[in-house]
Amino acid sequence: MPELPEVERARALLERAALGRRIEAVDDTDTFVCRPHRPGEIAGALEGATLVSAHRRGKVMWLETDRDAALGLHLGMAGRIVVDDAAEGDPPDGAEARGDGAPRAHPRGWDRFTLTFADGGRLALRDKRRLGRVRLDPDLDGVGPDAAEVSRAVFRAAVGAGRAPLKARIMDQSVIAGVGNLLADETLWRVGLSPHRPAGELADDELDHLRRTLRAATRDAIRRGGVHTGEVIPFRRRGAACPRCGAPMERATLGGRTTWWCSEEQRG
DNA sequence: ACCTATGTTGATAC
DNA sequence: GGTATCAACATAGG
(Lines give C-alpha, C1' and ligand atoms only; values in the text may rest on other atoms or scores of the structure.)
Protein backbone atom coordinates (compact mmCIF):
# COMPACT_ATOMS: atom_id res chain seq x y z
CA MET A 1 0.00 0.00 0.00
CA PRO A 2 2.12 2.74 1.26
CA GLU A 3 3.45 5.38 -1.04
CA LEU A 4 3.66 9.07 -0.30
CA PRO A 5 -0.14 9.59 -0.08
CA GLU A 6 -0.71 6.74 2.36
CA VAL A 7 2.23 7.84 4.45
CA GLU A 8 0.97 11.41 4.53
CA ARG A 9 -2.45 10.23 5.73
CA ALA A 10 -0.75 8.12 8.39
CA ARG A 11 1.30 11.14 9.46
CA ALA A 12 -1.85 13.24 9.70
CA LEU A 13 -3.47 10.54 11.84
CA LEU A 14 -0.48 10.61 14.17
CA GLU A 15 -0.60 14.38 14.31
CA ARG A 16 -4.24 14.55 15.34
CA ALA A 17 -4.41 11.43 17.50
CA ALA A 18 -1.01 10.78 19.08
CA LEU A 19 0.63 14.10 19.89
CA GLY A 20 0.75 15.22 23.49
CA ARG A 21 0.48 11.68 24.82
CA ARG A 22 2.99 10.20 27.22
CA ILE A 23 4.61 6.83 26.45
CA GLU A 24 4.35 4.37 29.29
CA ALA A 25 5.53 1.16 27.64
CA VAL A 26 7.12 0.10 24.34
CA ASP A 27 7.02 -3.30 22.65
CA ASP A 28 10.10 -3.41 20.42
CA THR A 29 10.64 -7.16 20.52
CA ASP A 30 10.29 -7.76 16.76
CA THR A 31 13.98 -7.72 15.93
CA PHE A 32 13.43 -7.72 12.18
CA VAL A 33 11.14 -4.69 12.16
CA CYS A 34 13.27 -2.87 14.75
CA ARG A 35 16.66 -3.82 13.31
CA PRO A 36 19.42 -2.96 13.96
CA HIS A 37 18.22 -2.09 17.46
CA ARG A 38 18.38 -4.62 20.25
CA PRO A 39 15.14 -5.41 22.06
CA GLY A 40 14.63 -2.83 24.78
CA GLU A 41 16.81 -0.20 23.15
CA ILE A 42 13.93 1.77 21.65
CA ALA A 43 11.92 1.22 24.81
CA GLY A 44 14.71 2.62 26.95
CA ALA A 45 14.91 5.75 24.84
CA LEU A 46 11.17 6.41 24.72
CA GLU A 47 9.53 5.28 27.92
CA GLY A 48 8.37 8.32 29.84
CA ALA A 49 8.68 10.62 26.81
CA THR A 50 5.84 12.62 25.30
CA LEU A 51 5.20 12.85 21.54
CA VAL A 52 5.40 16.43 20.34
CA SER A 53 5.36 16.49 16.51
CA ALA A 54 4.85 14.29 13.43
CA HIS A 55 6.94 14.65 10.26
CA ARG A 56 7.35 13.04 6.86
CA ARG A 57 9.76 13.08 3.95
CA GLY A 58 8.92 10.78 1.07
CA LYS A 59 7.84 7.52 2.65
CA VAL A 60 9.74 8.07 5.89
CA MET A 61 7.87 9.35 8.96
CA TRP A 62 9.19 10.34 12.33
CA LEU A 63 7.79 11.49 15.64
CA GLU A 64 9.71 13.92 17.77
CA THR A 65 9.53 13.71 21.53
CA ASP A 66 10.24 16.00 24.45
CA ARG A 67 13.54 14.16 24.81
CA ASP A 68 16.49 13.85 22.50
CA ALA A 69 15.06 10.80 20.76
CA ALA A 70 12.96 10.71 17.58
CA LEU A 71 10.97 7.66 16.52
CA GLY A 72 11.30 6.79 12.83
CA LEU A 73 8.53 4.79 11.17
CA HIS A 74 8.46 3.24 7.70
CA LEU A 75 5.40 1.36 6.47
CA GLY A 76 7.30 -0.88 4.05
CA MET A 77 5.09 -2.87 1.72
CA ALA A 78 2.01 -3.48 3.83
CA GLY A 79 2.23 -1.45 7.02
CA ARG A 80 -0.40 0.81 8.58
CA ILE A 81 -0.45 3.05 11.59
CA VAL A 82 -3.07 2.22 14.16
CA VAL A 83 -3.95 4.54 17.06
CA ASP A 84 -6.31 3.29 19.77
CA ASP A 85 -7.18 0.36 17.47
CA ALA A 86 -8.33 2.63 14.63
CA ALA A 87 -6.32 2.95 11.44
CA GLU A 88 -6.57 5.81 8.99
CA GLY A 89 -9.47 5.07 6.64
CA ASP A 90 -11.22 2.63 8.97
CA PRO A 91 -15.01 2.75 9.30
CA PRO A 92 -16.30 4.88 12.20
CA ASP A 93 -15.72 3.55 15.69
CA GLY A 94 -18.11 0.83 16.72
CA ALA A 95 -19.07 -0.20 13.19
CA GLU A 96 -17.18 -3.45 13.45
CA ALA A 97 -18.57 -4.32 16.85
CA ARG A 98 -22.11 -3.77 15.56
CA GLY A 99 -21.34 -5.93 12.55
CA ASP A 100 -22.44 -3.26 10.08
CA GLY A 101 -19.07 -2.09 8.83
CA ALA A 102 -16.20 -3.46 6.82
CA PRO A 103 -13.91 -5.72 8.87
CA ARG A 104 -10.60 -4.24 9.98
CA ALA A 105 -7.92 -4.91 7.42
CA HIS A 106 -5.50 -6.64 9.78
CA PRO A 107 -5.97 -8.36 13.11
CA ARG A 108 -4.08 -7.15 16.14
CA GLY A 109 -1.68 -10.07 15.83
CA TRP A 110 0.09 -8.24 13.05
CA ASP A 111 1.11 -5.38 15.32
CA ARG A 112 4.90 -5.47 15.05
CA PHE A 113 5.67 -2.50 17.27
CA THR A 114 3.49 -0.92 19.94
CA LEU A 115 3.53 2.12 22.19
CA THR A 116 1.26 2.04 25.19
CA PHE A 117 0.33 5.47 26.46
CA ALA A 118 -0.07 6.53 30.06
CA ASP A 119 -3.75 7.23 29.31
CA GLY A 120 -4.26 3.56 28.41
CA GLY A 121 -4.38 4.02 24.63
CA ARG A 122 -1.92 2.57 22.15
CA LEU A 123 -0.14 3.24 18.87
CA ALA A 124 0.92 0.33 16.65
CA LEU A 125 2.70 -0.42 13.40
CA ARG A 126 0.38 -3.08 11.98
CA ASP A 127 2.14 -4.97 9.21
CA LYS A 128 1.48 -8.53 8.15
CA ARG A 129 4.59 -8.74 5.98
CA ARG A 130 7.03 -7.31 8.50
CA LEU A 131 8.77 -5.24 5.84
CA GLY A 132 8.00 -2.05 7.74
CA ARG A 133 10.64 -0.57 9.92
CA VAL A 134 11.04 1.26 13.22
CA ARG A 135 14.23 3.13 14.07
CA LEU A 136 15.45 5.66 16.53
CA ASP A 137 16.67 8.88 14.94
CA PRO A 138 16.27 7.75 11.31
CA ASP A 139 18.97 8.77 8.86
CA LEU A 140 17.55 10.98 6.10
CA ASP A 141 20.81 11.49 4.23
CA GLY A 142 19.91 9.10 1.43
CA VAL A 143 16.38 10.44 1.06
CA GLY A 144 15.87 13.01 -1.69
CA PRO A 145 13.55 16.01 -1.64
CA ASP A 146 9.89 15.23 -1.05
CA ALA A 147 8.07 14.61 -4.33
CA ALA A 148 5.13 16.76 -3.25
CA GLU A 149 7.25 19.78 -2.38
CA VAL A 150 10.31 19.71 -4.63
CA SER A 151 10.93 22.95 -6.52
CA ARG A 152 10.97 23.14 -10.30
CA ALA A 153 14.70 23.81 -10.51
CA VAL A 154 15.63 20.98 -8.15
CA PHE A 155 13.25 18.61 -9.92
CA ARG A 156 14.76 19.37 -13.32
CA ALA A 157 18.28 18.74 -12.10
CA ALA A 158 17.48 15.62 -10.10
CA VAL A 159 15.08 13.79 -12.41
CA GLY A 160 16.43 14.92 -15.76
CA ALA A 161 19.69 13.01 -15.50
CA GLY A 162 21.09 9.53 -15.99
CA ARG A 163 20.21 6.92 -18.55
CA ALA A 164 17.95 4.79 -16.37
CA PRO A 165 14.37 4.51 -17.62
CA LEU A 166 12.20 7.43 -16.49
CA LYS A 167 10.04 5.24 -14.28
CA ALA A 168 13.04 3.85 -12.42
CA ARG A 169 14.38 7.37 -12.01
CA ILE A 170 11.27 8.80 -10.38
CA MET A 171 11.01 5.78 -8.07
CA ASP A 172 14.60 6.24 -6.88
CA GLN A 173 14.09 7.56 -3.35
CA SER A 174 17.47 9.27 -3.33
CA VAL A 175 16.48 11.31 -6.41
CA ILE A 176 13.00 12.34 -5.26
CA ALA A 177 11.26 10.76 -2.32
CA GLY A 178 7.78 9.32 -2.11
CA VAL A 179 6.94 7.87 -5.53
CA GLY A 180 6.20 4.14 -5.62
CA ASN A 181 5.07 1.74 -8.29
CA LEU A 182 1.44 2.77 -8.62
CA LEU A 183 1.96 6.52 -8.33
CA ALA A 184 4.68 6.26 -10.96
CA ASP A 185 2.39 4.46 -13.43
CA GLU A 186 -0.47 6.87 -12.70
CA THR A 187 1.68 9.96 -13.17
CA LEU A 188 3.37 8.84 -16.37
CA TRP A 189 -0.01 7.85 -17.81
CA ARG A 190 -1.48 11.26 -16.97
CA VAL A 191 1.45 13.05 -18.61
CA GLY A 192 1.64 10.73 -21.58
CA LEU A 193 5.31 9.94 -21.14
CA SER A 194 6.82 6.53 -21.83
CA PRO A 195 8.20 4.83 -18.72
CA HIS A 196 11.09 3.63 -20.88
CA ARG A 197 12.42 7.05 -21.91
CA PRO A 198 15.95 7.57 -20.61
CA ALA A 199 15.48 10.20 -17.91
CA GLY A 200 18.41 12.31 -19.05
CA GLU A 201 16.86 12.84 -22.47
CA LEU A 202 13.83 14.72 -21.23
CA ALA A 203 13.51 18.38 -22.17
CA ASP A 204 12.94 21.00 -19.51
CA ASP A 205 9.32 21.56 -20.51
CA GLU A 206 8.67 17.82 -20.26
CA LEU A 207 10.22 17.76 -16.81
CA ASP A 208 8.12 20.73 -15.72
CA HIS A 209 4.96 19.04 -16.98
CA LEU A 210 5.97 15.83 -15.24
CA ARG A 211 6.50 17.65 -11.94
CA ARG A 212 3.16 19.46 -12.16
CA THR A 213 1.36 16.23 -12.92
CA LEU A 214 3.14 14.32 -10.17
CA ARG A 215 2.06 16.95 -7.66
CA ALA A 216 -1.53 16.81 -8.91
CA ALA A 217 -1.64 13.00 -8.83
CA THR A 218 -0.17 13.01 -5.34
CA ARG A 219 -2.66 15.61 -4.07
CA ASP A 220 -5.56 13.68 -5.58
CA ALA A 221 -4.39 10.43 -4.00
CA ILE A 222 -4.03 12.02 -0.56
CA ARG A 223 -7.51 13.50 -0.81
CA ARG A 224 -9.19 10.38 -2.16
CA GLY A 225 -7.56 7.98 0.26
CA GLY A 226 -4.56 6.45 -1.45
CA VAL A 227 -2.74 5.61 -4.68
CA HIS A 228 -5.22 2.88 -5.53
CA THR A 229 -7.77 5.64 -6.31
CA GLY A 230 -5.74 6.69 -9.36
CA GLU A 231 -7.59 6.90 -12.66
CA VAL A 232 -5.49 4.35 -14.52
CA ILE A 233 -5.00 1.91 -11.66
CA PRO A 234 -8.08 -0.25 -12.48
CA PHE A 235 -6.70 -0.66 -16.00
CA ARG A 236 -3.38 -2.16 -14.92
CA ARG A 237 -4.45 -5.67 -15.92
CA ARG A 238 -4.30 -8.09 -18.82
CA GLY A 239 -6.58 -7.22 -21.70
CA ALA A 240 -7.46 -3.74 -20.45
CA ALA A 241 -7.80 -0.74 -22.74
CA CYS A 242 -6.61 2.78 -21.98
CA PRO A 243 -9.57 4.62 -20.39
CA ARG A 244 -8.73 7.74 -22.44
CA CYS A 245 -8.06 6.46 -25.94
CA GLY A 246 -9.04 2.80 -25.94
CA ALA A 247 -5.65 1.50 -27.07
CA PRO A 248 -4.37 -1.65 -25.36
CA MET A 249 -2.54 -1.28 -22.09
CA GLU A 250 0.91 -2.85 -22.17
CA ARG A 251 2.93 -4.50 -19.46
CA ALA A 252 6.60 -5.05 -18.74
CA THR A 253 8.98 -5.28 -15.83
CA LEU A 254 10.85 -2.04 -15.35
CA GLY A 255 13.08 -1.13 -12.45
CA GLY A 256 12.15 -4.51 -11.02
CA ARG A 257 8.47 -3.62 -10.81
CA THR A 258 5.45 -4.49 -12.93
CA THR A 259 4.75 -1.52 -15.17
CA TRP A 260 1.64 -0.72 -17.21
CA TRP A 261 1.33 1.98 -19.84
CA CYS A 262 -0.85 3.00 -22.79
CA SER A 263 0.56 1.57 -26.01
CA GLU A 264 -0.65 4.61 -27.95
CA GLU A 265 -0.24 7.67 -25.74
CA GLN A 266 2.95 6.63 -24.01
CA ARG A 267 5.08 5.49 -26.91
CA GLY A 268 8.81 5.51 -26.32
C1' DA B 1 0.45 -28.50 -4.73
C1' DC B 2 2.85 -25.17 -7.12
C1' DC B 3 3.46 -21.09 -9.19
C1' DT B 4 2.80 -16.21 -9.47
C1' DA B 5 1.55 -11.84 -7.60
C1' DT B 6 1.94 -7.84 -4.20
C1' DG B 7 2.06 -0.58 -2.72
C1' DT B 8 9.24 -1.45 -0.18
C1' DT B 9 14.07 -1.35 0.56
C1' DG B 10 18.75 -2.80 0.89
C1' DA B 11 22.68 -5.69 -0.25
C1' DT B 12 25.20 -7.30 -3.94
C1' DA B 13 27.38 -7.64 -8.62
C1' DC B 14 28.61 -5.85 -12.92
C1' DG C 1 29.04 5.72 -9.59
C1' DG C 2 25.01 4.23 -11.77
C1' DT C 3 22.23 0.60 -12.81
C1' DA C 4 20.15 -4.06 -12.49
C1' DT C 5 18.92 -8.14 -9.85
C1' DC C 6 17.63 -10.66 -6.01
C1' DA C 7 16.41 -11.41 -1.28
C1' DA C 8 14.02 -10.01 2.94
C1' DC C 9 8.82 -10.88 4.77
C1' DA C 10 3.98 -13.14 4.67
C1' DT C 11 0.26 -13.71 2.47
C1' DA C 12 -3.42 -14.20 -1.58
C1' DG C 13 -4.93 -16.17 -5.73
C1' DG C 14 -4.86 -18.88 -10.19
# chains A, B, ... in the order shown; residues from 1 in each chain; ligands from 1
>>> residues_around(residues="segment 1-8 of chain B", least_positions_apart="5", cutoff="9 Å", atoms="only C-alpha atoms (C1' of nucleotides)", output="VMD selection string")
(chain A and resid 1 to 3 75 to 78 131 to 132 180 to 182 227 to 228) or (chain C and resid 12 to 14)
>>> residues_around(residues="Arg163 of chain A", least_positions_apart="2", cutoff="6 Å", atoms="only C-alpha atoms (C1' of nucleotides)", output="list in words")
Pro198, Ala199 and Gly200 of chain A
>>> select_by_dssp(residues="segment 196-254 of chain A", states="strand (DSSP E or B)", output="PyMOL selection string")
chain A and resi 198+241+248-254
>>> write_last_selection(atoms="N, CA and C atoms", output="mmCIF file, in the first residue's frame")
data_model
loop_
_atom_site.group_PDB
_atom_site.id
_atom_site.type_symbol
_atom_site.label_atom_id
_atom_site.label_comp_id
_atom_site.auth_asym_id
_atom_site.auth_seq_id
_atom_site.Cartn_x
_atom_site.Cartn_y
_atom_site.Cartn_z
ATOM 1 N N PRO A 198 14.823 7.275 -21.506
ATOM 2 C CA PRO A 198 15.951 7.565 -20.611
ATOM 3 C C PRO A 198 15.736 8.938 -19.967
ATOM 4 N N ALA A 241 -8.026 -1.798 -21.772
ATOM 5 C CA ALA A 241 -7.802 -0.737 -22.739
ATOM 6 C C ALA A 241 -7.631 0.583 -21.997
ATOM 7 N N PRO A 248 -4.703 -0.635 -26.370
ATOM 8 C CA PRO A 248 -4.372 -1.654 -25.358
ATOM 9 C C PRO A 248 -3.347 -1.149 -24.346
ATOM 10 N N MET A 249 -3.547 -1.522 -23.110
ATOM 11 C CA MET A 249 -2.537 -1.280 -22.089
ATOM 12 C C MET A 249 -1.453 -2.340 -22.237
ATOM 13 N N GLU A 250 -0.208 -1.922 -22.043
ATOM 14 C CA GLU A 250 0.913 -2.852 -22.167
ATOM 15 C C GLU A 250 1.605 -3.023 -20.843
ATOM 16 N N ARG A 251 2.298 -4.145 -20.720
ATOM 17 C CA ARG A 251 2.931 -4.501 -19.459
ATOM 18 C C ARG A 251 4.370 -4.942 -19.670
ATOM 19 N N ALA A 252 5.223 -4.555 -18.751
ATOM 20 C CA ALA A 252 6.600 -5.050 -18.737
ATOM 21 C C ALA A 252 7.157 -4.880 -17.328
ATOM 22 N N THR A 253 8.302 -5.492 -17.105
ATOM 23 C CA THR A 253 8.984 -5.283 -15.830
ATOM 24 C C THR A 253 10.039 -4.217 -16.022
ATOM 25 N N LEU A 254 9.973 -3.194 -15.180
ATOM 26 C CA LEU A 254 10.855 -2.043 -15.346
ATOM 27 C C LEU A 254 11.308 -1.594 -13.959
#
>>> select_by_dssp(residues="segment 31-191 of chain A", states="alpha helix (DSSP H)", output="count of residues only")
35
>>> atom_distance(atom1="atom CA of Ala148 of chain A", atom2="atom CA of Val52 of chain A")
23.6 Å
>>> residues_around(residues="Val150 of chain A", least_positions_apart="5", cutoff="8 Å", atoms="only C-alpha atoms (C1' of nucleotides)", output="mmCIF file with N, CA and C atoms, in the first residue's frame")
data_model
loop_
_atom_site.group_PDB
_atom_site.id
_atom_site.type_symbol
_atom_site.label_atom_id
_atom_site.label_comp_id
_atom_site.auth_asym_id
_atom_site.auth_seq_id
_atom_site.Cartn_x
_atom_site.Cartn_y
_atom_site.Cartn_z
ATOM 1 N N PRO A 145 14.606 15.058 -1.969
ATOM 2 C CA PRO A 145 13.549 16.009 -1.637
ATOM 3 C C PRO A 145 12.171 15.378 -1.824
ATOM 4 N N PHE A 155 13.839 19.755 -9.218
ATOM 5 C CA PHE A 155 13.250 18.609 -9.919
ATOM 6 C C PHE A 155 13.925 18.403 -11.278
ATOM 7 N N ILE A 176 14.131 11.664 -5.913
ATOM 8 C CA ILE A 176 13.001 12.339 -5.264
ATOM 9 C C ILE A 176 12.296 11.283 -4.420
#
>>> interface_residues(of="chain A", to="chain C", cutoff="8 Å", atoms="only C-alpha atoms (C1' of nucleotides)", output="JSON, numbers by chain")
{"A": [128, 129, 130, 131, 162, 164, 255, 256]}
>>> atom_distance(atom1="atom CA of Ala147 of chain A", atom2="atom CA of Gly160 of chain A")
14.2 Å
>>> atom_distance(atom1="atom CA of Leu73 of chain A", atom2="atom CA of Arg122 of chain A")
15.3 Å
>>> closest_residue(among="A:Thr65, A:Thr31, A:Gln173, A:Thr213", to="chain B", atoms="only C-alpha atoms (C1' of nucleotides)")
A:Gln173
>>> closest_residue(among="A:Ala158, A:Val179, A:Leu125, A:Cys245", to="chain B", atoms="only C-alpha atoms (C1' of nucleotides)")
A:Val179
